[in-house]
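Asker: Handing you a structure now.
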Amino acid sequence: MKTLRSLGLAAILALAAGPAHAQWSDGTIKIGVLTDMSSLYTDLSGAGSVLAARFAVEDFGAAAKGMKVEIVNADHQNKADVGSTIARQWYDVDKVDVIVDTPNSGVALAVTEITREKNKVFLVSGAASSALTGAKCSANTVHWTYDTWALANGTGRAIVRTGGDTWYFLTADYAFGHQLEADTENVVKEMNGKVLGKVRHPLNSSDFSSFLLQAQASKAKIIGLANAGGDTVNSIKQAAEFGIVAGGQNLAGLLVFITDVHSLGLKTAQGLIFTEAWYWDANDTNRAFAARFSAANKGIHPTMIHAGVYSAVTHYLKSLEALKNDADGKAVVERMKATPTDDRLFGKGTIRADGRKIHDMYLFEVKKPEESKKPWDYYKLRATIPAAEAFRPIDKGDCPLVKKG
Amino acid sequence: MAAPPVTRSDTSFRTQAIVFAIMAVALAAAPAAIYPVFLMKAMCFALFACAFNLLIGYVGLLSFGHAAFFGMASYVAAHAAKVWGLPPELAILAGTAAAGGIGAVFGAIAIRRQGIYFAMITLALSQMVYFFCLQAPFTGGEDGIQAVPLGNMFGVLDLKDTTTLYAVVLAIFLGGFLFIYRVIHSPFGQVLKAIRENEPRAISLGYSVDRYKLIAFVLSSSLAGLAGATKALVVQLASLTDVHWSMSGEVVLMTLLGGLGTVFGPVVGAVVIIAMQNYLAQLGSWLTIAQGVIFVVCVLAFRRGIVGELGRLMGKRL
């Protein structure tokens, strides 16, 4: 009875809308935000990413355009099998059309495979592995905000150029850390710098003392932190306690987010150099977004991952509006690649054939405590890395999609 | 009470046969109502818990390292299917054999001690397996092995079809379950129970206790491996979660919750825990707290577990 009635309703709606009626599979565009809600990536992604997706849908005016958009979210607990079970169930049972964000490269790689198999869409903002647009690229995946290559390239190049030519790596012992380390090492060597050694620590460590002592003993000018989230925060804090920076060595954060700087405090974090894709205090539109975001997110300001989720969802919805059909994930991503991106937060940009979103990257330095004038006023812009140089050249990634084209 | 006199084990057998039939029919019909991938995952964990229960419930050995067998088998099966290109039946066999092999080594070392020492030795050995899996290149570290191909079982059954895959997993689960049931109720199983009740007496009766314990350990680890290898095919990936020590703890929880030393207990416990993890994923870190509370309540209020208490109420052994 219920189905009959809704069928009837659908028929009336279809007639009313005329020939231009869009084909939304099961009537709704369902966005699944798959992220870490309880562990080390909660602040830099987590609930904020769900919020950013909601803002994107509101700002796009989906309801006014007759697009019914629904957002669901889940916690992947940083476990690949939990993440992949959720993704599979979302696609099979809950009719989710697109999964966004997904910090943790291991989970993101698993979701990429499932998205390819089910022909849906996967918009990565939180995960960093450049393999997502390299050897493991997929016609159903767009990698939005940043990747290990861009971070390593931006930070590594700038630091070696200013005299930091000997490096020691403190690396999180999983695929993401290894990739970050390898990418930076290549840049350092290419610039005639030297890597004196490296040490690997387990994910989610709390004690870095033995690793930091090894780094200190190496006498390298720069200690590169190839880790993320809580690991980076802990290693920077403990390095300060060991007097590593005071002793003349410098820390290079290869993946630092504004939430990390916030929890470290400027006193500990000052002078740290790193690369990011987006900063809330860069212009008026960003500031307006940050004000709205932090008001709804316990005062926490948006990270580049949140901004990336906003930007990605906006472009996805725009492409759907033009395509009027969300059933074929591959076609949606093709459309997204064919249209230049343009949104409030990231401005104009493009998406390459390998799924890499291209935009400017920025090299930031953390301000000294006395330079900071207001809450969350943390960064000084050191350099802008133009879009053309910011990401790995398309022919260097071994992406099968590119070879074919 | 006019019925002819029957022994207690006869009625128990009849009840167990009926319950088994109900379980088999329910599982065969369930995909119509419940998401099949979830059910398959639950069956893999149920088999895992049954294998664990064989050791703790019937020999009285608390292994705290069963994740090593479960996880290692899932890595070997995933690697065999993906890199060596083996068909699924051989991949599962390879995983099971690997787990059995590790089980033989672990068992030979661990059965020399009892009680807490036994548990600690198995925990230490399984941590070695965990760090091996973290570092070995073939496991892919934190990324795990992804996109495990499903292929054709015996060359004819196309596992890419969910219904076929479900039937195969159901067959593996029921087969493993019946095998364990047969072991428990064989003369061999009687000796195991004798060892559980009173080891010195079993020795004095002339049983080579160590040999019995080792065989039971290898059987349990192989069946845990069978469950792990099957799971690798179901979720199409093998990851560190399965070799992590918390997985060893989870299987203890499943078995205790369902009912230690009962035939059906581990199945019920596994389904309850997996359902919680699956349907309460939105709770985030509250999920682990909820699991802990259930564990505490179970230990304090109904120590025989769900099925154990039901059996007591019915006056039957389940």
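Letters A, B, ... mark the chains of the structure tokens in the order given; residue numbers begin at 1 per chain; ligand numbers begin at 1, in order shown.
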Please, which residues in chain A fall within 9 Å of chain B when counting only C-alpha atoms, and what is the closest atom pair and distance in Å to one decimal for each, ordered by chain then residue number, as JSON lines?
Answerer:
```
{"residue": "A:Asp36", "atom": "CA", "partner": "B:Gly284", "partner_atom": "CA", "distance": 8.5}
{"residue": "A:Met37", "atom": "CA", "partner": "B:Gly284", "partner_atom": "CA", "distance": 6.0}
{"residue": "A:Ser38", "atom": "CA", "partner": "B:Gly284", "partner_atom": "CA", "distance": 5.5}
{"residue": "A:Ser39", "atom": "CA", "partner": "B:Ser285", "partner_atom": "CA", "distance": 8.1}
{"residue": "A:Asn73", "atom": "CA", "partner": "B:Gln282", "partner_atom": "CA", "distance": 7.5}
{"residue": "A:Ala74", "atom": "CA", "partner": "B:Gln282", "partner_atom": "CA", "distance": 5.3}
{"residue": "A:Asp75", "atom": "CA", "partner": "B:Gly284", "partner_atom": "CA", "distance": 6.0}
{"residue": "A:His76", "atom": "CA", "partner": "B:Ala281", "partner_atom": "CA", "distance": 7.9}
{"residue": "A:Gln77", "atom": "CA", "partner": "B:Gly284", "partner_atom": "CA", "distance": 7.5}
{"residue": "A:Lys79", "atom": "CA", "partner": "B:Thr241", "partner_atom": "CA", "distance": 6.5}
{"residue": "A:Ala80", "atom": "CA", "partner": "B:Ser239", "partner_atom": "CA", "distance": 6.6}
{"residue": "A:Asp81", "atom": "CA", "partner": "B:Ser239", "partner_atom": "CA", "distance": 6.8}
{"residue": "A:Val82", "atom": "CA", "partner": "B:Asn278", "partner_atom": "CA", "distance": 8.2}
{"residue": "A:Ser84", "atom": "CA", "partner": "B:Val235", "partner_atom": "CA", "distance": 7.5}
{"residue": "A:Thr85", "atom": "CA", "partner": "B:Val235", "partner_atom": "CA", "distance": 7.0}
{"residue": "A:Ile86", "atom": "CA", "partner": "B:Asn278", "partner_atom": "CA", "distance": 8.0}
{"residue": "A:Arg88", "atom": "CA", "partner": "B:Val37", "partner_atom": "CA", "distance": 8.4}
{"residue": "A:Gln89", "atom": "CA", "partner": "B:Tyr35", "partner_atom": "CA", "distance": 7.7}
{"residue": "A:Asp92", "atom": "CA", "partner": "B:Tyr35", "partner_atom": "CA", "distance": 8.6}
{"residue": "A:Val93", "atom": "CA", "partner": "B:Tyr35", "partner_atom": "CA", "distance": 7.3}
{"residue": "A:Ser105", "atom": "CA", "partner": "B:Asp143", "partner_atom": "CA", "distance": 7.2}
{"residue": "A:Gly106", "atom": "CA", "partner": "B:Asp143", "partner_atom": "CA", "distance": 4.0}
{"residue": "A:Val107", "atom": "CA", "partner": "B:Asp143", "partner_atom": "CA", "distance": 7.2}
{"residue": "A:Leu109", "atom": "CA", "partner": "B:Asp143", "partner_atom": "CA", "distance": 7.5}
{"residue": "A:Ala110", "atom": "CA", "partner": "B:Gln146", "partner_atom": "CA", "distance": 5.9}
{"residue": "A:Glu113", "atom": "CA", "partner": "B:Ala147", "partner_atom": "CA", "distance": 6.1}
{"residue": "A:Ile114", "atom": "CA", "partner": "B:Ala147", "partner_atom": "CA", "distance": 7.9}
{"residue": "A:Asp173", "atom": "CA", "partner": "B:Glu142", "partner_atom": "CA", "distance": 8.0}
{"residue": "A:Tyr174", "atom": "CA", "partner": "B:Glu142", "partner_atom": "CA", "distance": 4.9}
{"residue": "A:Ala175", "atom": "CA", "partner": "B:Glu142", "partner_atom": "CA", "distance": 6.0}
{"residue": "A:Phe176", "atom": "CA", "partner": "B:Glu142", "partner_atom": "CA", "distance": 8.4}
{"residue": "A:Leu203", "atom": "CA", "partner": "B:Glu142", "partner_atom": "CA", "distance": 8.9}
```
Asker: I want to know what sits within 9 Å of Ala108 (chain B), based on only C-alpha atoms, with residues of the same chain fewer than 6 positions away left out; could you give that as a list in words?
Answerer: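 Skipping anything fewer than 6 positions along the chain leaves Asp210, Leu214 and Phe217 of chain B.
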Asker: Any chance you could export the current selection's C-alpha atoms as a PDB file, in the first residue's frame?
Answerer:
```
ATOM      1  CA  ASP B 210      50.375 -33.767  27.045  1.00  0.00           C
ATOM      2  CA  LEU B 214      48.565 -30.790  22.105  1.00  0.00           C
ATOM      3  CA  PHE B 217      45.385 -27.216  20.831  1.00  0.00           C
TER       4      PHE B 217
END
```
Asker: Write out as a list in words each polymer residue whose atoms come within 12 Å of Met23 (chain B), counting only C-alpha atoms; drop sequence neighbours fewer than 3 positions from it.
Answerer: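 Selected residues are Gln16, Ala17, Ile18, Val19, Phe20, Ala26, Leu27, Ala28, Ala29, Ala30, Met43, Leu170, Phe173, Leu174, Phe177, Phe264, Val267 and Val268 of chain B.
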Asker: Mind the document's chain letters and residue numbers, and return as a PyMOL selection string the residues of region 54-189 of chain A that DSSP labels alpha helix (DSSP H).
Answerer: chain A and resi 54-60+80-92+105-118+148-161+175-189
Asker: How many Å separate CA of Leu257 (chain B) from CA of Val271 (chain B)?
Answerer: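 CA of Leu257 (chain B) sits 10.5 Å away from CA of Val271 (chain B).
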Asker: Excluding Ala87 (chain A) and any residue of its chain fewer than 6 positions from it, enumerate the residues within 9 Å of it, using only C-alpha atoms, and give them as a PyMOL selection string.
Answerer: chain A and resi 32+34+96+99+111+114-115
Asker: Write a file of the selected residues as a PDB file, in the first residue's frame, keeping C-alpha atoms.
Answerer:
```
ATOM      1  CA  GLY A  32      28.155   9.056   3.919  1.00  0.00           C
ATOM      2  CA  LEU A  34      33.141   7.905   7.096  1.00  0.00           C
ATOM      3  CA  VAL A  96      24.632   5.705   0.060  1.00  0.00           C
ATOM      4  CA  ILE A  99      31.483   8.465   0.759  1.00  0.00           C
ATOM      5  CA  VAL A 111      37.063   1.983   0.649  1.00  0.00           C
ATOM      6  CA  ILE A 114      34.820  -1.252  -2.597  1.00  0.00           C
ATOM      7  CA  THR A 115      33.748   1.991  -4.290  1.00  0.00           C
TER       8      THR A 115
END
```
Asker: Taking 2 positions as the minimum chain separation for residues in the same chain, which residues sit within 9 Å of Asn250 (chain A) when counting only C-alpha atoms? Answer as a PyMOL selection string.
Answerer: chain A and resi 164+220-224+244-248+252+271-272
Asker: Suppose you want the space between CA of Ile305 (chain A) and CA of Ser45 (chain A); what is it in Å?
Answerer: 6.3 Å
Asker: Could you tell me how far CA of Ile111 (chain B) lies from CA of Phe48 (chain B), in Å and to one decimal?
Answerer: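 Rounded to one decimal, the two atoms are 20.4 Å apart.
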Asker: What lies within 10 Å of Ile236 (chain A) using only C-alpha atoms, ignoring chain neighbours under 4 positions off, as a ChimeraX atom specification?
Answerer: /A:208,212,225,230-232,240-242,244-245,251-253,260-261,264,268-269,272
Asker: How about saving the chosen residues, N, CA and C atoms kept, as a short mmCIF file (atom, residue, chain, number, x, y, z; two decimals), in the first residue's frame?
Answerer:
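The resulting file, part19.cif, is reproduced below:
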```cif
data_model
loop_
_atom_site.label_atom_id
_atom_site.label_comp_id
_atom_site.auth_asym_id
_atom_site.auth_seq_id
_atom_site.Cartn_x
_atom_site.Cartn_y
_atom_site.Cartn_z
N PHE A 208 57.88 8.75 23.21
CA PHE A 208 58.79 8.91 22.09
C PHE A 208 60.24 9.06 22.54
N LEU A 212 63.37 9.88 20.16
CA LEU A 212 63.89 11.25 20.11
C LEU A 212 65.36 11.29 20.48
N LEU A 225 59.14 14.89 11.05
CA LEU A 225 58.13 14.09 11.75
C LEU A 225 57.15 13.52 10.73
N GLY A 230 47.68 12.77 16.91
CA GLY A 230 48.20 12.70 18.27
C GLY A 230 49.68 12.34 18.31
N ASP A 231 50.14 11.55 17.35
CA ASP A 231 51.55 11.18 17.32
C ASP A 231 52.44 12.40 17.11
N THR A 232 52.03 13.28 16.20
CA THR A 232 52.81 14.49 15.95
C THR A 232 52.82 15.37 17.19
N ALA A 240 60.26 19.11 22.86
CA ALA A 240 60.47 20.34 23.62
C ALA A 240 61.02 20.01 25.00
N GLU A 241 60.49 18.93 25.62
CA GLU A 241 60.98 18.55 26.94
C GLU A 241 62.43 18.11 26.92
N PHE A 242 62.83 17.46 25.85
CA PHE A 242 64.22 17.02 25.72
C PHE A 242 65.15 18.17 25.30
N ILE A 244 65.31 19.59 22.39
CA ILE A 244 65.89 19.33 21.07
C ILE A 244 65.97 20.60 20.24
N VAL A 245 64.89 21.41 20.26
CA VAL A 245 64.90 22.64 19.48
C VAL A 245 65.88 23.64 20.10
N LEU A 251 62.51 21.08 14.13
CA LEU A 251 61.51 20.09 13.79
C LEU A 251 60.78 20.51 12.52
N ALA A 252 60.60 19.58 11.61
CA ALA A 252 59.78 19.83 10.45
C ALA A 252 58.57 18.93 10.54
N GLY A 253 57.39 19.53 10.70
CA GLY A 253 56.17 18.73 10.73
C GLY A 253 55.79 18.42 9.29
N ASP A 260 46.31 20.60 15.81
CA ASP A 260 47.51 20.16 16.53
C ASP A 260 48.23 21.35 17.16
N VAL A 261 48.38 22.41 16.36
CA VAL A 261 49.04 23.61 16.87
C VAL A 261 48.27 24.15 18.07
N LEU A 264 48.95 22.05 21.08
CA LEU A 264 50.33 22.20 21.53
C LEU A 264 50.55 23.53 22.25
N THR A 268 55.11 25.89 22.61
CA THR A 268 55.77 24.65 22.21
C THR A 268 55.94 24.57 20.70
N ALA A 269 54.95 25.06 19.96
CA ALA A 269 54.94 24.83 18.52
C ALA A 269 55.65 25.90 17.72
N LEU A 272 57.71 26.04 14.02
CA LEU A 272 57.49 24.84 13.24
C LEU A 272 57.06 25.22 11.82
#
```
